[in-house]
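First comes the structure, then the notes that go with it.
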Amino acid sequence: MDDVILLLRDYKAYLNTGIPGDFHLFGEWLKQKYADSQEYLTEEEEINRIGVDVMTSYLIGGLTGYLETWLKLAYQDLPIVSLGDFGIIKAVEHHQNPTKKMIADSLIMERTTCMESIKRMVKEGLLTEETDSKDRRMKRVRLTPKGREMSMLLNKKMSALSTLLVGNLDELEKKSLIPILKKLNKFHEFLYREKSREEVKERYYL
């Protein structure tokens with residue numbers, strides 16, 4: 001009976017995570033909760049001593065490095081050089097004729113980096129700039145015919161890259177990962193959009 005009560009408590013805790021109430025996913029969640037701590041150790045003793053938060057960041061950082069490597073491979077011979085460039089192309093496509101400020105605000109990019117990328121892609125003939133009809137201080141951006149062709153090509157590239165990034169995860173593992181990543185993304189989006197950089201720095205002792 002004690003095991004049944006413990007299982008019910010675990011299931012309640014699982015539902016509180018926001019992960020869909022799927023028993024297969026619950027089983028995966030239980031495996032992670034009660035897994036041998038040895039599974040979470042690296043070959044670097046210092047990281048092992050610091051704990052799970054650092055371990056998680058360590059692994060995310062490693063994946064970021066791989067992502068940058070595969071992006072360079074995917075964008076080889078293209079006038080697109082970063083994931084930020086891809087984001088700008090898709091933001092312009094979505095909004096059709098956004099201001100530069102709108103693009104920068106919709107992407108998680110430093111504004112100066114965003115502006116430099118737009119300027120470079122204008123030179124490449126992917127984007128075109130025009131002065132806003134109501135506020136001449138603002139510039140609006142459009143995709144050129146070459147830019148629309150590039151957007152379609154990038155869709156194929158990103159589809160292939162997505163398959164590479166999820167690697168050898170099976171379907172259940174992918175489904176388990178998505179709600180966790182969405183929760184983490186919402187946490188960081190709130191800080192990014194709603195809190196000043198000074199507040200974040202002070203709160204998290206950066």
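Ordering of the structure tokens sets the chain letters (A, B, ...), residue numbers begin anew at 1 in every chain, and ligands are numbered from 1 in the order given.
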If you count only C-alpha atoms, which residues fall within 12 Å of segment 186-197 of chain A, apart from same-chain ones fewer than 6 positions away, as an mmCIF file with C-alpha atoms, in the first residue's frame?
```
data_model
loop_
_atom_site.group_PDB
_atom_site.id
_atom_site.type_symbol
_atom_site.label_atom_id
_atom_site.label_comp_id
_atom_site.auth_asym_id
_atom_site.auth_seq_id
_atom_site.Cartn_x
_atom_site.Cartn_y
_atom_site.Cartn_z
ATOM 1 C CA ASP A 105 12.324 42.880 -30.624
ATOM 2 C CA SER A 106 10.905 39.602 -31.970
ATOM 3 C CA LEU A 107 14.264 37.820 -31.925
ATOM 4 C CA ILE A 108 16.563 37.060 -29.010
ATOM 5 C CA MET A 109 19.404 39.105 -30.495
ATOM 6 C CA GLU A 110 21.310 42.154 -29.425
ATOM 7 C CA PRO A 179 7.478 20.074 -22.619
ATOM 8 C CA ILE A 180 10.635 20.367 -20.525
ATOM 9 C CA ARG A 203 19.187 37.935 -8.624
ATOM 10 C CA TYR A 204 21.367 35.177 -10.071
ATOM 11 C CA TYR A 205 24.708 36.538 -8.843
ATOM 12 C CA LEU A 206 26.135 36.812 -12.365
#
```
Name the residues of segment 48-145 of chain A that fall into helix (DSSP H, G or I) according to DSSP on the backbone, using the chain letters and numbers of this document, as a CSV table (one decimal) with N, CA and C atoms, in the first residue's frame.
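Done, and the output landed in part-v5.csv:
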```csv
chain,number,residue,atom,x,y,z
A,48,ASN,N,31.1,17.4,-11.3
A,48,ASN,CA,30.3,16.4,-10.5
A,48,ASN,C,30.1,17.0,-9.1
A,49,ARG,N,31.1,17.6,-8.6
A,49,ARG,CA,30.9,18.2,-7.2
A,49,ARG,C,29.9,19.3,-7.1
A,50,ILE,N,29.9,20.1,-8.2
A,50,ILE,CA,29.0,21.3,-8.1
A,50,ILE,C,27.6,21.0,-8.2
A,52,VAL,N,23.7,19.2,-10.1
A,52,VAL,CA,22.9,19.0,-11.3
A,52,VAL,C,22.7,20.2,-12.2
A,53,ASP,N,22.6,21.4,-11.5
A,53,ASP,CA,22.4,22.6,-12.3
A,53,ASP,C,23.6,22.8,-13.3
A,54,VAL,N,24.8,22.7,-12.7
A,54,VAL,CA,26.0,22.9,-13.6
A,54,VAL,C,26.1,21.8,-14.6
A,55,MET,N,25.7,20.5,-14.2
A,55,MET,CA,25.7,19.4,-15.2
A,55,MET,C,24.8,19.7,-16.4
A,56,THR,N,23.6,20.2,-16.1
A,56,THR,CA,22.6,20.6,-17.1
A,56,THR,C,23.2,21.6,-18.0
A,57,SER,N,23.7,22.7,-17.4
A,57,SER,CA,24.3,23.8,-18.2
A,57,SER,C,25.5,23.3,-19.0
A,58,TYR,N,26.2,22.4,-18.5
A,58,TYR,CA,27.4,21.8,-19.2
A,58,TYR,C,26.9,21.1,-20.4
A,59,LEU,N,25.9,20.3,-20.3
A,59,LEU,CA,25.4,19.6,-21.5
A,59,LEU,C,24.7,20.5,-22.5
A,60,ILE,N,24.0,21.5,-22.0
A,60,ILE,CA,23.4,22.4,-23.0
A,60,ILE,C,24.4,23.2,-23.7
A,61,GLY,N,25.5,23.6,-23.0
A,61,GLY,CA,26.6,24.3,-23.6
A,61,GLY,C,27.3,23.4,-24.7
A,62,GLY,N,27.4,22.2,-24.4
A,62,GLY,CA,28.1,21.3,-25.4
A,62,GLY,C,27.2,21.1,-26.6
A,63,LEU,N,25.9,21.0,-26.4
A,63,LEU,CA,25.0,20.9,-27.6
A,63,LEU,C,25.0,22.2,-28.4
A,64,THR,N,25.1,23.3,-27.7
A,64,THR,CA,25.2,24.6,-28.4
A,64,THR,C,26.4,24.6,-29.3
A,65,GLY,N,27.5,24.1,-28.9
A,65,GLY,CA,28.7,24.0,-29.7
A,65,GLY,C,28.5,23.2,-30.9
A,66,TYR,N,27.9,22.0,-30.7
A,66,TYR,CA,27.6,21.2,-31.9
A,66,TYR,C,26.7,21.8,-32.9
A,67,LEU,N,25.7,22.5,-32.3
A,67,LEU,CA,24.7,23.3,-33.2
A,67,LEU,C,25.4,24.3,-34.1
A,68,GLU,N,26.3,25.0,-33.5
A,68,GLU,CA,27.1,26.0,-34.3
A,68,GLU,C,27.9,25.4,-35.4
A,69,THR,N,28.5,24.2,-35.0
A,69,THR,CA,29.3,23.5,-36.0
A,69,THR,C,28.4,23.0,-37.2
A,70,TRP,N,27.2,22.4,-36.9
A,70,TRP,CA,26.4,21.9,-37.9
A,70,TRP,C,25.7,23.0,-38.7
A,71,LEU,N,25.5,24.1,-38.1
A,71,LEU,CA,25.0,25.3,-38.8
A,71,LEU,C,25.9,25.8,-39.8
A,72,LYS,N,27.2,25.9,-39.5
A,72,LYS,CA,28.2,26.3,-40.4
A,72,LYS,C,28.3,25.4,-41.6
A,73,LEU,N,28.1,24.1,-41.3
A,73,LEU,CA,28.1,23.1,-42.4
A,73,LEU,C,26.9,23.3,-43.3
A,74,ALA,N,25.7,23.5,-42.7
A,74,ALA,CA,24.5,23.7,-43.4
A,74,ALA,C,24.5,24.9,-44.3
A,83,LEU,N,22.3,31.4,-37.1
A,83,LEU,CA,20.9,31.2,-36.8
A,83,LEU,C,20.2,32.5,-36.7
A,84,GLY,N,20.9,33.5,-36.3
A,84,GLY,CA,20.3,34.9,-36.2
A,84,GLY,C,19.8,35.3,-37.6
A,85,ASP,N,20.7,35.1,-38.6
A,85,ASP,CA,20.3,35.4,-40.0
A,85,ASP,C,19.0,34.7,-40.4
A,86,PHE,N,19.0,33.4,-40.1
A,86,PHE,CA,17.8,32.6,-40.4
A,86,PHE,C,16.6,33.3,-39.7
A,87,GLY,N,16.7,33.6,-38.5
A,87,GLY,CA,15.6,34.2,-37.7
A,87,GLY,C,15.1,35.5,-38.4
A,88,ILE,N,16.1,36.4,-38.9
A,88,ILE,CA,15.7,37.6,-39.5
A,88,ILE,C,14.9,37.4,-40.8
A,89,ILE,N,15.4,36.4,-41.6
A,89,ILE,CA,14.7,36.1,-42.9
A,89,ILE,C,13.3,35.7,-42.6
A,90,LYS,N,13.1,34.8,-41.6
A,90,LYS,CA,11.8,34.3,-41.3
A,90,LYS,C,10.9,35.3,-40.6
A,91,ALA,N,11.5,36.2,-39.8
A,91,ALA,CA,10.7,37.3,-39.2
A,91,ALA,C,10.2,38.3,-40.3
A,92,VAL,N,11.0,38.6,-41.3
A,92,VAL,CA,10.6,39.5,-42.4
A,92,VAL,C,9.5,38.8,-43.2
A,93,GLU,N,9.7,37.5,-43.5
A,93,GLU,CA,8.7,36.7,-44.2
A,93,GLU,C,7.4,36.7,-43.5
A,94,HIS,N,7.4,36.5,-42.2
A,94,HIS,CA,6.2,36.5,-41.4
A,94,HIS,C,5.5,37.8,-41.3
A,95,HIS,N,6.2,38.9,-41.0
A,95,HIS,CA,5.6,40.2,-40.9
A,95,HIS,C,5.5,41.0,-42.2
A,100,LYS,N,12.9,47.6,-38.6
A,100,LYS,CA,14.1,47.0,-38.0
A,100,LYS,C,13.9,46.7,-36.5
A,101,LYS,N,13.2,47.7,-35.9
A,101,LYS,CA,13.0,47.6,-34.4
A,101,LYS,C,12.1,46.3,-34.1
A,102,MET,N,11.1,46.1,-35.0
A,102,MET,CA,10.2,45.0,-34.8
A,102,MET,C,10.9,43.7,-34.9
A,103,ILE,N,11.8,43.6,-35.9
A,103,ILE,CA,12.6,42.4,-36.1
A,103,ILE,C,13.5,42.2,-34.9
A,104,ALA,N,14.2,43.2,-34.4
A,104,ALA,CA,15.1,43.0,-33.3
A,104,ALA,C,14.3,42.6,-32.0
A,105,ASP,N,13.1,43.2,-31.8
A,105,ASP,CA,12.3,42.9,-30.6
A,105,ASP,C,11.8,41.5,-30.7
A,106,SER,N,11.5,40.9,-31.9
A,106,SER,CA,10.9,39.6,-32.0
A,106,SER,C,11.9,38.5,-31.8
A,111,ARG,N,20.5,44.2,-30.4
A,111,ARG,CA,20.0,45.1,-31.4
A,111,ARG,C,21.1,45.4,-32.4
A,112,THR,N,22.3,45.7,-31.9
A,112,THR,CA,23.4,46.1,-32.9
A,112,THR,C,23.7,44.9,-33.8
A,113,THR,N,23.7,43.7,-33.2
A,113,THR,CA,24.0,42.5,-34.0
A,113,THR,C,23.0,42.3,-35.1
A,114,CYS,N,21.7,42.5,-34.7
A,114,CYS,CA,20.6,42.4,-35.6
A,114,CYS,C,20.7,43.4,-36.8
A,115,MET,N,21.0,44.6,-36.4
A,115,MET,CA,21.2,45.7,-37.5
A,115,MET,C,22.3,45.4,-38.4
A,116,GLU,N,23.4,44.9,-37.9
A,116,GLU,CA,24.6,44.5,-38.7
A,116,GLU,C,24.2,43.4,-39.7
A,117,SER,N,23.5,42.4,-39.2
A,117,SER,CA,23.1,41.3,-40.0
A,117,SER,C,22.1,41.7,-41.1
A,118,ILE,N,21.2,42.6,-40.8
A,118,ILE,CA,20.3,43.2,-41.8
A,118,ILE,C,21.1,43.9,-42.9
A,119,LYS,N,22.0,44.7,-42.4
A,119,LYS,CA,22.8,45.5,-43.4
A,119,LYS,C,23.6,44.6,-44.3
A,120,ARG,N,24.1,43.5,-43.8
A,120,ARG,CA,24.9,42.6,-44.6
A,120,ARG,C,24.0,41.9,-45.6
A,121,MET,N,22.8,41.5,-45.2
A,121,MET,CA,21.9,40.8,-46.1
A,121,MET,C,21.2,41.7,-47.1
A,122,VAL,N,21.2,43.0,-46.8
A,122,VAL,CA,20.8,44.0,-47.9
A,122,VAL,C,21.8,44.0,-49.0
A,123,LYS,N,23.1,44.0,-48.6
A,123,LYS,CA,24.2,44.0,-49.5
A,123,LYS,C,24.2,42.7,-50.4
A,145,PRO,N,13.1,39.0,-54.2
A,145,PRO,CA,12.8,37.7,-54.9
A,145,PRO,C,13.9,36.7,-54.5
```
So, with only C-alpha atoms as the atoms that count, which of A:Asn155, A:Asn168, A:Asn97, A:Thr163 lies closest to Tyr75 of chain A?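 Between A:Asn155, A:Asn168, A:Asn97, A:Thr163, the residue approaching Tyr75 of chain A most closely is A:Asn155.
If only C-alpha atoms are the atoms counted, then among A:Ser176, A:Asp10, A:Ile80, A:Glu171 the closest residue to Gly147 of chain A is A:Ile80.
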Can you tell me, as a short mmCIF file (atom, residue, chain, number, x, y, z; two decimals) with N, CA and C atoms, in the first residue's frame, which residues in chain A count as strand (DSSP E or B) by DSSP?
```
data_model
loop_
_atom_site.label_atom_id
_atom_site.label_comp_id
_atom_site.auth_asym_id
_atom_site.auth_seq_id
_atom_site.Cartn_x
_atom_site.Cartn_y
_atom_site.Cartn_z
N THR A 99 9.45 46.87 -39.37
CA THR A 99 10.54 47.81 -39.11
C THR A 99 11.72 47.02 -38.55
N LEU A 127 17.51 41.23 -48.78
CA LEU A 127 16.57 42.16 -48.18
C LEU A 127 16.68 43.51 -48.85
N THR A 128 15.61 44.27 -48.74
CA THR A 128 15.64 45.65 -49.22
C THR A 128 15.06 46.55 -48.13
N GLU A 129 15.58 47.76 -48.01
CA GLU A 129 15.13 48.70 -46.99
C GLU A 129 14.31 49.82 -47.62
N GLU A 130 13.38 50.34 -46.84
CA GLU A 130 12.62 51.51 -47.28
C GLU A 130 12.24 52.33 -46.06
N THR A 131 12.12 53.62 -46.24
CA THR A 131 11.75 54.51 -45.13
C THR A 131 10.27 54.38 -44.82
N LYS A 139 13.14 52.51 -40.50
CA LYS A 139 13.33 51.78 -41.75
C LYS A 139 12.54 50.48 -41.71
N ARG A 140 11.89 50.17 -42.82
CA ARG A 140 11.18 48.90 -42.96
C ARG A 140 11.96 47.99 -43.90
N VAL A 141 11.75 46.71 -43.75
CA VAL A 141 12.53 45.73 -44.49
C VAL A 141 11.60 44.77 -45.22
N ARG A 142 11.97 44.41 -46.45
CA ARG A 142 11.23 43.41 -47.22
C ARG A 142 12.18 42.37 -47.77
N LEU A 143 11.62 41.19 -48.06
CA LEU A 143 12.38 40.17 -48.77
C LEU A 143 12.39 40.51 -50.25
#
```
One decimal, Å: what's the distance from atom CA of Gly51 of chain A over to atom CA of Leu164 of chain A, could you say?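 Answer for the atom CA of Gly51 of chain A to atom CA of Leu164 of chain A separation: 29.0 Å.
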In Å to one decimal, how far is atom CA of Glu202 of chain A from atom CA of Asn16 of chain A?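 Taking atom CA of Asn16 of chain A as the start and atom CA of Glu202 of chain A as the end point, the length is 28.8 Å.
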